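Structure file final14.txt (compact mmCIF, C-alpha atoms) is printed below.
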# COMPACT_ATOMS: atom_id res chain seq x y z
CA MET X 21 21.03 -15.38 16.78
CA SER X 22 18.20 -16.59 14.60
CA ASP X 23 17.47 -20.22 13.93
CA LYS X 24 16.96 -21.52 10.46
CA LYS X 25 13.46 -22.60 9.47
CA ASP X 26 12.66 -25.51 7.16
CA ILE X 27 10.19 -24.46 4.49
CA THR X 28 8.84 -25.70 1.18
CA LEU X 29 8.67 -23.24 -1.69
CA THR X 30 6.60 -24.31 -4.64
CA ILE X 31 8.20 -22.52 -7.59
CA ASN X 32 6.62 -23.04 -11.01
CA GLY X 33 5.00 -26.24 -9.76
CA ARG X 34 8.19 -27.76 -8.33
CA ASP X 35 8.74 -28.13 -4.58
CA HIS X 36 12.00 -26.86 -3.12
CA ASN X 37 12.73 -27.90 0.47
CA VAL X 38 15.06 -25.30 1.89
CA SER X 39 16.35 -24.27 5.28
CA VAL X 40 16.18 -20.48 5.49
CA ASP X 41 17.41 -17.75 7.75
CA PRO X 42 14.35 -15.56 8.50
CA ARG X 43 16.19 -12.45 7.34
CA TRP X 44 16.60 -13.79 3.79
CA THR X 45 14.20 -12.16 1.39
CA LEU X 46 12.06 -14.29 -0.88
CA ALA X 47 14.11 -12.98 -3.83
CA ASP X 48 17.35 -14.22 -2.28
CA VAL X 49 15.85 -17.60 -1.41
CA ILE X 50 14.51 -18.05 -4.95
CA ARG X 51 17.84 -17.09 -6.51
CA ASP X 52 20.50 -18.35 -4.14
CA HIS X 53 18.86 -21.36 -2.53
CA CYS X 54 16.48 -22.62 -5.23
CA GLY X 55 18.77 -21.79 -8.16
CA GLN X 56 16.12 -19.87 -10.09
CA THR X 57 18.16 -16.86 -11.15
CA GLY X 58 15.70 -15.53 -13.73
CA THR X 59 14.27 -13.27 -11.01
CA HIS X 60 16.47 -10.18 -10.83
CA LEU X 61 17.26 -7.89 -7.94
CA GLY X 62 17.63 -4.17 -8.62
CA CYS X 63 17.07 -1.79 -5.77
CA GLU X 64 16.26 -4.28 -2.98
CA HIS X 65 13.85 -1.86 -1.37
CA GLY X 66 10.67 -2.21 -3.36
CA ILE X 67 11.02 0.65 -5.82
CA CYS X 68 12.24 -0.85 -9.11
CA GLY X 69 10.13 -3.98 -9.46
CA ALA X 70 12.83 -6.10 -11.14
CA CYS X 71 12.19 -8.83 -8.54
CA THR X 72 8.42 -9.02 -9.13
CA VAL X 73 7.11 -12.60 -8.92
CA LEU X 74 3.64 -14.04 -8.52
CA VAL X 75 2.75 -15.31 -5.04
CA ASP X 76 -0.58 -17.11 -5.11
CA ASP X 77 -1.13 -15.40 -8.48
CA ALA X 78 -0.64 -11.83 -7.18
CA PRO X 79 2.39 -9.87 -8.43
CA VAL X 80 4.52 -8.84 -5.44
CA ARG X 81 8.01 -7.50 -4.79
CA SER X 82 10.01 -10.55 -3.74
CA CYS X 83 12.55 -8.25 -2.04
CA LEU X 84 9.84 -7.07 0.38
CA MET X 85 8.78 -10.50 1.58
CA PHE X 86 10.85 -12.86 3.64
CA GLY X 87 11.34 -16.32 2.21
CA VAL X 88 9.99 -17.85 5.40
CA GLN X 89 6.69 -16.07 4.73
CA ALA X 90 6.26 -17.86 1.41
CA ASP X 91 6.25 -21.34 2.99
CA SER X 92 3.76 -23.55 1.10
CA LYS X 93 2.66 -20.70 -1.15
CA LYS X 94 2.47 -21.04 -4.93
CA ILE X 95 5.24 -18.99 -6.53
CA ARG X 96 5.64 -18.30 -10.23
CA THR X 97 8.75 -16.79 -11.78
CA VAL X 98 9.86 -15.94 -15.30
CA GLU X 99 11.23 -19.48 -15.72
CA GLY X 100 7.66 -20.79 -15.59
CA LEU X 101 6.26 -18.68 -18.42
CA ALA X 102 7.33 -20.67 -21.47
CA LYS X 103 5.72 -24.04 -22.10
CA GLY X 104 8.74 -26.07 -23.23
CA GLU X 105 9.92 -24.49 -26.48
CA GLU X 106 6.77 -22.39 -26.78
CA TYR X 107 7.13 -18.86 -25.47
CA HIS X 108 4.35 -17.19 -23.48
CA PRO X 109 2.37 -14.60 -25.52
CA LEU X 110 3.93 -11.87 -23.37
CA GLN X 111 7.46 -13.10 -24.11
CA LYS X 112 6.69 -13.17 -27.84
CA ALA X 113 5.14 -9.72 -27.69
CA PHE X 114 8.21 -8.34 -25.87
CA MET X 115 10.48 -9.69 -28.61
CA GLU X 116 8.27 -8.52 -31.47
CA ASN X 117 7.83 -5.02 -30.05
CA HIS X 118 11.43 -4.43 -28.92
CA ALA X 119 10.22 -4.12 -25.35
CA LEU X 120 13.64 -4.88 -23.91
CA GLN X 121 17.15 -3.70 -24.49
CA CYS X 122 19.49 -4.74 -21.67
CA GLY X 123 16.80 -7.06 -20.32
CA TYR X 124 17.51 -6.58 -16.65
CA CYS X 125 14.02 -5.35 -15.77
CA THR X 126 12.27 -7.77 -18.14
CA PRO X 127 11.54 -10.66 -15.72
CA GLY X 128 9.82 -8.21 -13.37
CA PHE X 129 7.79 -6.61 -16.14
CA LEU X 130 6.79 -10.02 -17.52
CA MET X 131 5.55 -11.25 -14.13
CA LEU X 132 3.78 -7.96 -13.38
CA ALA X 133 2.04 -8.12 -16.76
CA THR X 134 1.21 -11.82 -16.36
CA GLY X 135 -0.41 -11.13 -13.00
CA ILE X 136 -2.51 -8.22 -14.20
CA LEU X 137 -3.59 -9.82 -17.51
CA GLU X 138 -4.70 -12.99 -15.69
CA ALA X 139 -6.62 -10.97 -13.09
CA GLN X 140 -8.09 -8.47 -15.56
CA PRO X 141 -8.02 -9.83 -19.14
CA ASP X 142 -10.11 -6.85 -20.31
CA ILE X 143 -7.96 -4.18 -18.64
CA SER X 144 -8.12 -0.81 -20.41
CA ASP X 145 -5.11 0.96 -21.89
CA ASP X 146 -5.26 3.61 -19.16
CA GLU X 147 -5.43 1.09 -16.33
CA LEU X 148 -2.56 -0.81 -17.92
CA ASN X 149 -0.43 2.34 -18.06
CA ASP X 150 -1.03 2.82 -14.36
CA VAL X 151 -0.10 -0.77 -13.48
CA LEU X 152 3.02 -0.68 -15.69
CA SER X 153 4.15 2.47 -13.86
CA SER X 154 4.93 0.10 -10.96
CA ASN X 155 8.25 -1.01 -12.46
CA LEU X 156 11.33 0.83 -13.69
CA CYS X 157 13.12 0.41 -17.01
CA ARG X 158 16.10 2.61 -17.87
CA CYS X 159 16.47 1.53 -21.55
CA THR X 160 13.22 1.44 -23.43
CA GLY X 161 11.42 4.61 -22.41
CA TYR X 162 8.42 2.37 -21.65
CA ALA X 163 6.56 2.98 -24.90
CA ASN X 164 7.51 -0.40 -26.35
CA ILE X 165 6.78 -2.19 -23.09
CA VAL X 166 3.29 -0.69 -23.10
CA LYS X 167 2.89 -1.66 -26.78
CA ALA X 168 3.99 -5.23 -26.07
CA VAL X 169 1.69 -5.75 -23.11
CA ARG X 170 -1.27 -4.33 -25.04
CA ALA X 171 -0.48 -6.69 -27.94
CA ALA X 172 -0.25 -9.66 -25.56
CA ARG X 173 -3.50 -8.63 -23.90
CA ASP X 174 -5.26 -8.61 -27.27
CA GLU X 175 -3.73 -11.90 -28.32
CA MET X 176 -4.50 -13.65 -25.03
CA LYS X 177 -8.09 -12.42 -25.22
CA ALA X 178 -8.48 -13.63 -28.79
CA ALA X 179 -7.07 -17.03 -27.83
CA SER X 180 -9.29 -17.54 -24.81
CA MET O 1 20.75 -3.93 1.35
CA LYS O 2 20.09 -7.06 3.40
CA PRO O 3 18.06 -6.88 6.61
CA ALA O 4 19.89 -7.67 9.84
CA ALA O 5 19.14 -10.93 11.63
CA PHE O 6 16.01 -11.26 13.75
CA GLU O 7 13.97 -13.93 15.48
CA TYR O 8 10.86 -14.83 13.53
CA HIS O 9 7.54 -15.62 15.16
CA ALA O 10 4.42 -16.71 13.30
CA PRO O 11 1.51 -16.77 15.74
CA THR O 12 -1.87 -18.06 14.59
CA THR O 13 -4.10 -16.33 17.15
CA VAL O 14 -4.44 -12.72 18.31
CA ASP O 15 -3.78 -13.79 21.92
CA GLU O 16 -0.55 -15.46 20.92
CA ALA O 17 0.48 -12.41 18.85
CA VAL O 18 -0.06 -9.86 21.64
CA THR O 19 1.61 -12.13 24.20
CA LEU O 20 4.68 -12.30 21.96
CA LEU O 21 4.50 -8.54 21.42
CA ALA O 22 4.35 -7.88 25.18
CA GLU O 23 7.40 -10.08 25.65
CA HIS O 24 9.52 -8.72 22.80
CA ALA O 25 8.41 -5.09 22.28
CA PRO O 26 10.75 -3.78 25.05
CA ASN O 27 13.66 -5.26 23.03
CA ASP O 28 12.57 -3.70 19.76
CA GLY O 29 10.22 -6.47 18.73
CA ARG O 30 7.83 -5.40 15.97
CA ILE O 31 4.69 -6.53 14.23
CA LEU O 32 5.18 -7.58 10.60
CA ALA O 33 2.02 -7.22 8.50
CA GLY O 34 2.37 -6.33 4.79
CA GLY O 35 6.01 -5.34 5.25
CA GLN O 36 5.95 -2.77 2.44
CA SER O 37 7.33 -0.01 4.69
CA LEU O 38 9.07 -2.03 7.41
CA VAL O 39 11.10 -4.31 5.14
CA PRO O 40 12.67 -1.47 3.06
CA THR O 41 13.54 0.26 6.32
CA MET O 42 15.20 -2.96 7.46
CA ALA O 43 17.01 -3.31 4.12
CA PHE O 44 18.56 0.13 4.73
CA ARG O 45 19.27 -0.98 8.34
CA LEU O 46 17.41 2.08 9.56
CA ALA O 47 15.37 -0.46 11.53
CA ARG O 48 16.98 -3.50 13.10
CA PRO O 49 14.18 -5.18 15.04
CA THR O 50 15.37 -8.12 17.08
CA HIS O 51 12.07 -9.96 16.81
CA LEU O 52 9.42 -9.89 14.11
CA ILE O 53 5.94 -11.09 14.96
CA ASP O 54 4.37 -11.97 11.62
CA ILE O 55 0.58 -11.63 11.88
CA ASN O 56 -0.15 -12.87 8.36
CA ASN O 57 -1.16 -16.30 9.65
CA VAL O 58 -3.39 -15.01 12.45
CA ALA O 59 -6.96 -16.10 11.91
CA ASP O 60 -9.71 -13.44 12.04
CA LEU O 61 -7.44 -10.48 11.29
CA ASP O 62 -8.50 -10.47 7.64
CA LYS O 63 -12.04 -9.47 8.43
CA LEU O 64 -13.63 -6.72 6.39
CA VAL O 65 -17.22 -6.38 7.58
CA ILE O 66 -19.85 -3.86 8.56
CA GLU O 67 -20.67 -3.80 12.28
CA ASP O 68 -22.62 -1.18 14.23
CA GLY O 69 -22.67 1.31 11.38
CA ALA O 70 -18.95 1.13 10.68
CA LEU O 71 -16.72 -0.62 8.18
CA CYS O 72 -14.37 -2.74 10.31
CA ILE O 73 -10.98 -3.31 8.68
CA GLY O 74 -8.86 -6.07 10.22
CA ALA O 75 -5.09 -5.86 10.58
CA THR O 76 -4.24 -8.01 7.54
CA VAL O 77 -6.72 -6.49 5.06
CA ARG O 78 -4.63 -5.48 2.01
CA HIS O 79 -4.90 -2.24 0.06
CA ALA O 80 -5.89 -4.30 -2.99
CA GLN O 81 -9.10 -5.35 -1.23
CA PHE O 82 -10.33 -1.80 -1.85
CA HIS O 83 -9.75 -1.95 -5.64
CA THR O 84 -13.47 -2.72 -5.81
CA PRO O 85 -15.88 -1.25 -3.23
CA ALA O 86 -15.45 -2.98 0.13
CA CYS O 87 -19.00 -2.07 1.13
CA ASP O 88 -22.17 -0.72 -0.41
CA GLY O 89 -22.81 2.99 -0.40
CA VAL O 90 -20.67 6.11 -0.50
CA LEU O 91 -17.85 4.89 1.76
CA GLY O 92 -17.06 1.90 -0.47
CA HIS O 93 -16.74 4.15 -3.54
CA LEU O 94 -14.69 6.73 -1.65
CA LEU O 95 -12.14 4.12 -0.52
CA THR O 96 -11.92 2.74 -4.06
CA ASP O 97 -11.23 6.24 -5.43
CA VAL O 98 -8.47 6.74 -2.86
CA VAL O 99 -6.72 3.37 -3.09
CA SER O 100 -5.39 3.82 -6.63
CA ASN O 101 -3.22 6.65 -5.26
CA ILE O 102 -1.43 4.34 -2.82
CA ALA O 103 2.01 3.32 -4.11
CA HIS O 104 1.76 0.82 -6.98
CA TYR O 105 -0.25 -2.28 -7.84
CA PRO O 106 2.22 -4.91 -6.50
CA ILE O 107 2.73 -2.95 -3.27
CA ARG O 108 -1.06 -2.85 -2.81
CA GLN O 109 -1.19 -6.65 -3.02
CA ARG O 110 0.84 -6.95 0.20
CA GLY O 111 0.55 -3.68 2.12
CA THR O 112 -2.24 -3.43 4.69
CA PHE O 113 -4.66 -0.68 5.69
CA CYS O 114 -3.91 -1.02 9.40
CA GLY O 115 -0.17 -1.28 8.77
CA SER O 116 -0.24 2.10 7.01
CA VAL O 117 -2.22 3.62 9.86
CA ALA O 118 0.12 2.23 12.52
CA HIS O 119 3.20 3.28 10.51
CA SER O 120 1.70 6.78 10.36
CA ASP O 121 3.64 8.31 7.50
CA PRO O 122 2.25 11.84 7.13
CA ALA O 123 1.79 11.13 3.41
CA SER O 124 -0.34 8.03 3.99
CA GLU O 125 -3.72 8.19 2.28
CA TRP O 126 -5.33 5.80 4.78
CA CYS O 127 -4.12 7.90 7.71
CA MET O 128 -5.76 10.97 6.19
CA VAL O 129 -8.97 9.06 5.41
CA SER O 130 -9.05 7.78 9.02
CA ALA O 131 -8.55 11.29 10.41
CA THR O 132 -11.07 12.93 8.08
CA LEU O 133 -13.81 10.38 8.67
CA ASP O 134 -13.29 10.12 12.46
CA ALA O 135 -12.26 6.46 12.43
CA THR O 136 -11.77 4.53 15.65
CA MET O 137 -8.59 2.54 16.20
CA VAL O 138 -8.88 -0.74 18.07
CA ALA O 139 -5.66 -1.34 19.99
CA GLN O 140 -5.19 -4.82 21.41
CA SER O 141 -2.64 -5.79 24.01
CA ALA O 142 -2.24 -8.76 26.30
CA SER O 143 -4.13 -6.81 28.96
CA GLY O 144 -7.14 -6.00 26.79
CA GLU O 145 -8.63 -3.74 24.17
CA ARG O 146 -8.52 0.05 23.91
CA LEU O 147 -10.47 2.27 21.52
CA ILE O 148 -8.62 5.36 20.27
CA PRO O 149 -10.37 8.09 18.25
CA ALA O 150 -8.42 9.10 15.14
CA ALA O 151 -8.14 12.67 16.47
CA GLU O 152 -6.11 11.29 19.40
CA PHE O 153 -4.12 8.72 17.44
CA PHE O 154 -1.72 10.56 15.12
CA GLU O 155 0.95 12.45 17.06
CA THR O 156 3.67 13.37 14.59
CA VAL O 157 5.78 11.85 11.84
CA MET O 158 5.57 8.06 12.22
CA THR O 159 4.46 8.44 15.81
CA THR O 160 1.09 7.44 17.20
CA THR O 161 -0.42 7.01 20.64
CA LEU O 162 -0.32 3.23 20.20
CA ASN O 163 1.69 1.72 23.03
CA GLU O 164 4.62 -0.51 22.15
CA ASP O 165 2.80 -3.62 23.38
CA GLU O 166 -0.36 -2.83 21.40
CA LEU O 167 -1.35 -4.32 18.07
CA LEU O 168 -3.57 -2.17 15.86
CA ARG O 169 -6.09 -4.97 15.48
CA GLU O 170 -8.74 -3.10 13.56
CA VAL O 171 -9.75 0.30 12.20
CA ARG O 172 -13.45 1.19 12.20
CA ILE O 173 -14.68 3.83 9.74
CA PRO O 174 -18.23 5.11 10.21
CA LEU O 175 -20.40 4.48 7.15
CA LEU O 176 -21.40 7.57 5.17
CA SER O 177 -25.04 8.40 4.50
CA ASP O 178 -26.23 8.15 0.90
CA ASP O 179 -26.44 11.94 0.55
CA THR O 180 -22.78 12.46 1.51
CA LEU O 181 -20.76 14.24 -1.16
CA TYR O 182 -17.00 13.76 -1.25
CA GLY O 183 -13.89 14.82 -3.11
CA PHE O 184 -10.30 13.59 -2.93
CA GLN O 185 -7.21 15.29 -4.32
CA GLU O 186 -3.54 14.40 -4.05
CA PHE O 187 -0.45 15.93 -5.60
CA ASN O 188 2.96 14.37 -6.10
CA ARG O 189 5.50 14.57 -8.87
CA ARG O 190 5.45 10.90 -9.91
CA ALA O 191 2.66 8.31 -10.00
CA GLY O 192 2.67 6.33 -6.77
CA ASP O 193 5.08 8.64 -4.97
CA PHE O 194 4.52 10.18 -1.53
CA ALA O 195 1.93 12.97 -1.42
CA ILE O 196 3.31 16.47 -1.05
CA SER O 197 -0.18 17.43 0.00
CA MET O 198 -3.58 15.78 -0.26
CA THR O 199 -7.08 16.32 0.98
CA LEU O 200 -10.35 14.54 1.49
CA VAL O 201 -13.54 16.55 1.92
CA THR O 202 -17.06 15.38 2.69
CA TYR O 203 -20.28 17.25 3.36
CA ARG O 204 -24.05 16.98 3.04
CA LEU O 205 -26.65 19.50 1.94
CA GLU O 206 -29.64 20.58 3.99
CA GLY O 207 -31.98 23.09 2.38
CA GLY O 208 -29.27 23.84 -0.19
CA LYS O 209 -26.68 24.65 2.45
CA ILE O 210 -23.58 22.75 3.50
CA THR O 211 -23.85 20.77 6.71
CA ASP O 212 -21.47 18.45 8.58
CA PRO O 213 -18.36 19.42 6.57
CA HIS O 214 -15.20 17.35 7.05
CA ILE O 215 -11.99 18.70 5.55
CA GLY O 216 -8.92 16.57 6.17
CA VAL O 217 -5.40 17.41 5.03
CA GLY O 218 -2.48 14.98 4.83
CA GLY O 219 1.08 15.08 3.55
CA ALA O 220 1.43 18.79 4.28
CA GLU O 221 1.87 18.69 8.06
CA ASP O 222 3.59 16.21 10.37
CA ARG O 223 0.31 14.34 10.77
CA PRO O 224 -3.08 14.16 9.04
CA ARG O 225 -5.97 15.99 10.67
CA ARG O 226 -9.29 17.70 10.17
CA ILE O 227 -8.91 21.45 9.69
CA ALA O 228 -11.54 23.07 11.92
CA GLU O 229 -11.00 26.56 10.48
CA ALA O 230 -11.76 25.35 6.94
CA GLU O 231 -14.80 23.40 8.08
CA ALA O 232 -16.13 26.48 9.89
CA ALA O 233 -15.70 28.52 6.69
CA LEU O 234 -17.79 25.99 4.80
CA ALA O 235 -20.57 25.16 7.26
CA GLY O 236 -23.91 26.77 6.43
CA GLN O 237 -22.72 28.11 3.06
CA VAL O 238 -24.26 27.55 -0.32
CA PRO O 239 -21.85 25.38 -2.35
CA GLY O 240 -20.02 27.43 -4.96
CA ASP O 241 -16.79 29.15 -5.85
CA ASP O 242 -16.94 31.76 -3.06
CA ALA O 243 -17.48 29.23 -0.28
CA PHE O 244 -14.94 26.79 -1.70
CA ARG O 245 -12.23 29.43 -2.04
CA ALA O 246 -12.88 30.71 1.48
CA ALA O 247 -12.56 27.18 2.90
CA ALA O 248 -9.45 26.50 0.81
CA ASP O 249 -7.79 29.70 1.99
CA ALA O 250 -8.74 28.93 5.59
CA ALA O 251 -7.14 25.48 5.29
CA ALA O 252 -3.96 26.93 3.80
CA ALA O 253 -3.72 29.53 6.57
CA ALA O 254 -4.39 27.01 9.36
CA ILE O 255 -1.76 24.42 8.53
CA ASP O 256 1.81 24.31 9.74
CA PRO O 257 3.50 22.87 6.65
CA MET O 258 6.59 20.65 6.66
CA GLU O 259 9.58 21.75 4.62
CA ASP O 260 12.13 19.67 2.77
CA HIS O 261 14.93 20.25 0.28
CA ALA O 262 12.50 20.52 -2.63
CA THR O 263 9.42 22.01 -1.03
CA ASN O 264 9.11 25.07 1.18
CA ALA O 265 6.20 25.89 3.48
CA GLN O 266 4.64 28.44 1.15
CA TYR O 267 4.58 25.93 -1.69
CA ARG O 268 2.76 23.39 0.46
CA ARG O 269 0.34 26.08 1.64
CA ASP O 270 -0.51 27.16 -1.91
CA LEU O 271 -0.78 23.55 -3.01
CA THR O 272 -3.12 22.74 -0.13
CA ALA O 273 -5.40 25.66 -1.01
CA THR O 274 -5.61 24.46 -4.60
CA LEU O 275 -6.26 20.84 -3.63
CA VAL O 276 -8.95 21.71 -1.09
CA ARG O 277 -10.72 23.91 -3.64
CA ARG O 278 -10.55 21.20 -6.31
CA ALA O 279 -11.76 18.53 -3.90
CA LEU O 280 -14.74 20.69 -2.95
CA GLU O 281 -15.48 21.22 -6.65
CA ASN O 282 -15.28 17.45 -7.22
CA ALA O 283 -17.68 16.87 -4.35
CA ALA O 284 -20.17 19.34 -5.80
CA SER O 285 -19.99 18.04 -9.38
Rewrite the structure from the file as structure tokens, please.
Amino acid sequence: MSDKKDITLTINGRDHNVSVDPRWTLADVIRDHCGQTGTHLGCEHGICGACTVLVDDAPVRSCLMFGVQADSKKIRTVEGLAKGEEYHPLQKAFMENHALQCGYCTPGFLMLATGILEAQPDISDDELNDVLSSNLCRCTGYANIVKAVRAARDEMKAAS
Amino acid sequence: MKPAAFEYHAPTTVDEAVTLLAEHAPNDGRILAGGQSLVPTMAFRLARPTHLIDINNVADLDKLVIEDGALCIGATVRHAQFHTPACDGVLGHLLTDVVSNIAHYPIRQRGTFCGSVAHSDPASEWCMVSATLDATMVAQSASGERLIPAAEFFETVMTTTLNEDELLREVRIPLLSDDTLYGFQEFNRRAGDFAISMTLVTYRLEGGKITDPHIGVGGAEDRPRRIAEAEAALAGQVPGDDAFRAAADAAAAAIDPMEDHATNAQYRRDLTATLVRRALENAAS
């Protein structure tokens, strides 16, 4: 019943020309039609945050946007964090602070944290706690995620 | 958990959007703004709209300006635009205090003020703010514009007096004078979750006595509204524990609380009394 639309998704600086059914979520288009499977899908209704990506630098739930809505927008996913062999400060901090166990929620947490630390490099511990409450993790108990993001915040500030 | 198929429309003007809405609304065509409530509902297939009219590319709907003594909030203004004051004065600070209670940071990047108001969840903070501050809703259809006072807008759970061919183009909130005092309180069991009850109170002082009190309650009843009985208990009183408790008790007695599997009516009543009292204390401090 619905016609496919031709769109261009710019994911981590690379253009993907795809023909999408309007009902496909951005998460599904990124994973199934652009081959970028680092973005994970948990609940598919906006609660868990595993699918968080940056759209024009803002962290959003990619399960609550349709792919067709992201035409010509700048999308960043977990695959874009490392620079070649060099991990992003957040990725390093997650490893050093044991901020992941099964790792399923990690791409969402990394993109959420990337978005907030870029927008507010001086964010306070309390504000950070509130932002990190956006996503769910069933392994870590959150304490190590909070520790890692604080460490990355401090390192990114020192480096800038 | 995948939405059913629909036809997608991406108008670029308001005229085009309301023309499409007039054509498709009778067949369950819907407006898509931030999508943070509609898309989950579609994922569960509780909603299966046949047409979605995406207004995100419509010029002029992102306006957030002061006109004729009111803050005018266009249909695609996101919650996140209130993270810092959207206008000078008391109203800007009030909206910034409220916004951090709405869902979570990523949801606030996409969800819209007007979308929340049109969706009309009883637990919506913006619906309660609109009701408490006597906002005016600007409904636009192909046949013209209609102004709806907040007191005549919210009917019941997720039901408003907006007609199916009308787009909520804008919400206008009257600015608050510099001497307006306000307090906001919300209770839920998890950060970002739906309010079990919440309240916004505003008043001014004249000769040490309370004047022009507004006490709005949301989340407790099937729709947000000002509670006249509580306002009457407060008007003309000297601010303090006696007056605040009397207004809080009046609010609790006046409401007709919703019940659910975890929350009975008495619980919501008691909670509302506590929240109203605390909000009045916040306003006075």
Which residues come within 12 Å of X:Ser144, counting only C-alpha atoms, excluding same-chain residues fewer than 4 positions away, as an mmCIF file with C-alpha atoms, in the coordinates of the input?
data_model
loop_
_atom_site.group_PDB
_atom_site.id
_atom_site.type_symbol
_atom_site.label_atom_id
_atom_site.label_comp_id
_atom_site.auth_asym_id
_atom_site.auth_seq_id
_atom_site.Cartn_x
_atom_site.Cartn_y
_atom_site.Cartn_z
ATOM 1 C CA ILE X 136 -2.510 -8.220 -14.200
ATOM 2 C CA LEU X 137 -3.590 -9.820 -17.510
ATOM 3 C CA GLN X 140 -8.090 -8.470 -15.560
ATOM 4 C CA LEU X 148 -2.560 -0.810 -17.920
ATOM 5 C CA ASN X 149 -0.430 2.340 -18.060
ATOM 6 C CA ASP X 150 -1.030 2.820 -14.360
ATOM 7 C CA VAL X 151 -0.100 -0.770 -13.480
ATOM 8 C CA VAL X 166 3.290 -0.690 -23.100
ATOM 9 C CA VAL X 169 1.690 -5.750 -23.110
ATOM 10 C CA ARG X 170 -1.270 -4.330 -25.040
ATOM 11 C CA ARG X 173 -3.500 -8.630 -23.900
ATOM 12 C CA ASP X 174 -5.260 -8.610 -27.270
#
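Atom to atom, atom CA of X:Lys24 and atom CA of O:Ala47 stand 21.1 Å apart.
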Test item: residues at most 7 Å from O:Leu64, all atoms listed in the file, excluding those fewer than 4 positions along its chain, as a ChimeraX atom specification: /O:72-74
Two-atom distance - atom CA of O:Pro11, atom CA of O:Leu52 (Å):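 These atoms are spaced 10.6 Å apart.
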Which residues of chain X come within 8 Å of chain O, and for each one, what is the closest pair of atoms and their distance in Å to one decimal, counting all atoms listed in the file, sorted by chain and residue number, as a Markdown table?
| residue | atom | partner | partner_atom | distance |
| --- | --- | --- | --- | --- |
| X:Met21 | CA | O:Ala5 | CA | 7.1 |
| X:Ser22 | CA | O:Glu7 | CA | 5.1 |
| X:Asp23 | CA | O:Glu7 | CA | 7.4 |
| X:Pro42 | CA | O:Tyr8 | CA | 6.2 |
| X:Arg43 | CA | O:Ala5 | CA | 5.4 |
| X:Trp44 | CA | O:Lys2 | CA | 7.6 |
| X:Glu64 | CA | O:Met1 | CA | 6.2 |
| X:His65 | CA | O:Pro40 | CA | 4.6 |
| X:Gly66 | CA | O:Pro40 | CA | 6.8 |
| X:Thr72 | CA | O:Pro106 | CA | 7.9 |
| X:Ala78 | CA | O:Gln109 | CA | 6.7 |
| X:Pro79 | CA | O:Pro106 | CA | 5.3 |
| X:Val80 | CA | O:Pro106 | CA | 4.7 |
| X:Arg81 | CA | O:Pro106 | CA | 6.6 |
| X:Leu84 | CA | O:Val39 | CA | 5.6 |
| X:Met85 | CA | O:Gly35 | CA | 6.9 |
| X:Leu132 | CA | O:Pro106 | CA | 7.7 |
| X:Asp150 | CA | O:Ala191 | CA | 7.9 |
| X:Val151 | CA | O:Tyr105 | CA | 5.8 |
| X:Ser153 | CA | O:Ala191 | CA | 7.2 |
| X:Ser154 | CA | O:His104 | CA | 5.1 |
Between atom CA of O:Ala273 and atom CA of O:Arg204 - distance in Å to one decimal: 21.0 Å
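Distances from O:Val90, O:Leu46, O:Leu271, O:Ala75 to O:Val58 were compared using only C-alpha atoms, and the smallest one belongs to O:Ala75.
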Best match for closeness to O:Asp88 among O:Ile255, O:Phe184, O:Ser177, O:Asp28, counting all atoms listed in the file: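 Among the listed residues, O:Ser177 lies closest to O:Asp88.
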Distance cut-off 12 Å, centre (1.0, -14.0, 22.6) in file coordinates, counting all atoms listed in the file: which residues qualify? Return them as a PDB file with C-alpha atoms, keeping the file's coordinate frame.
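Writing done, so here's result-v4.pdb:
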ATOM      1  CA  HIS O   9       7.540 -15.620  15.160  1.00  0.00           C
ATOM      2  CA  ALA O  10       4.420 -16.710  13.300  1.00  0.00           C
ATOM      3  CA  PRO O  11       1.510 -16.770  15.740  1.00  0.00           C
ATOM      4  CA  THR O  12      -1.870 -18.060  14.590  1.00  0.00           C
ATOM      5  CA  THR O  13      -4.100 -16.330  17.150  1.00  0.00           C
ATOM      6  CA  VAL O  14      -4.440 -12.720  18.310  1.00  0.00           C
ATOM      7  CA  ASP O  15      -3.780 -13.790  21.920  1.00  0.00           C
ATOM      8  CA  GLU O  16      -0.550 -15.460  20.920  1.00  0.00           C
ATOM      9  CA  ALA O  17       0.480 -12.410  18.850  1.00  0.00           C
ATOM     10  CA  VAL O  18      -0.060  -9.860  21.640  1.00  0.00           C
ATOM     11  CA  THR O  19       1.610 -12.130  24.200  1.00  0.00           C
ATOM     12  CA  LEU O  20       4.680 -12.300  21.960  1.00  0.00           C
ATOM     13  CA  LEU O  21       4.500  -8.540  21.420  1.00  0.00           C
ATOM     14  CA  ALA O  22       4.350  -7.880  25.180  1.00  0.00           C
ATOM     15  CA  GLU O  23       7.400 -10.080  25.650  1.00  0.00           C
ATOM     16  CA  HIS O  24       9.520  -8.720  22.800  1.00  0.00           C
ATOM     17  CA  ALA O  25       8.410  -5.090  22.280  1.00  0.00           C
ATOM     18  CA  ILE O  31       4.690  -6.530  14.230  1.00  0.00           C
ATOM     19  CA  ILE O  53       5.940 -11.090  14.960  1.00  0.00           C
ATOM     20  CA  ASP O  54       4.370 -11.970  11.620  1.00  0.00           C
ATOM     21  CA  ILE O  55       0.580 -11.630  11.880  1.00  0.00           C
ATOM     22  CA  VAL O  58      -3.390 -15.010  12.450  1.00  0.00           C
ATOM     23  CA  GLN O 140      -5.190  -4.820  21.410  1.00  0.00           C
ATOM     24  CA  SER O 141      -2.640  -5.790  24.010  1.00  0.00           C
ATOM     25  CA  ALA O 142      -2.240  -8.760  26.300  1.00  0.00           C
ATOM     26  CA  SER O 143      -4.130  -6.810  28.960  1.00  0.00           C
ATOM     27  CA  ASP O 165       2.800  -3.620  23.380  1.00  0.00           C
ATOM     28  CA  GLU O 166      -0.360  -2.830  21.400  1.00  0.00           C
ATOM     29  CA  LEU O 167      -1.350  -4.320  18.070  1.00  0.00           C
TER      30      LEU O 167
END
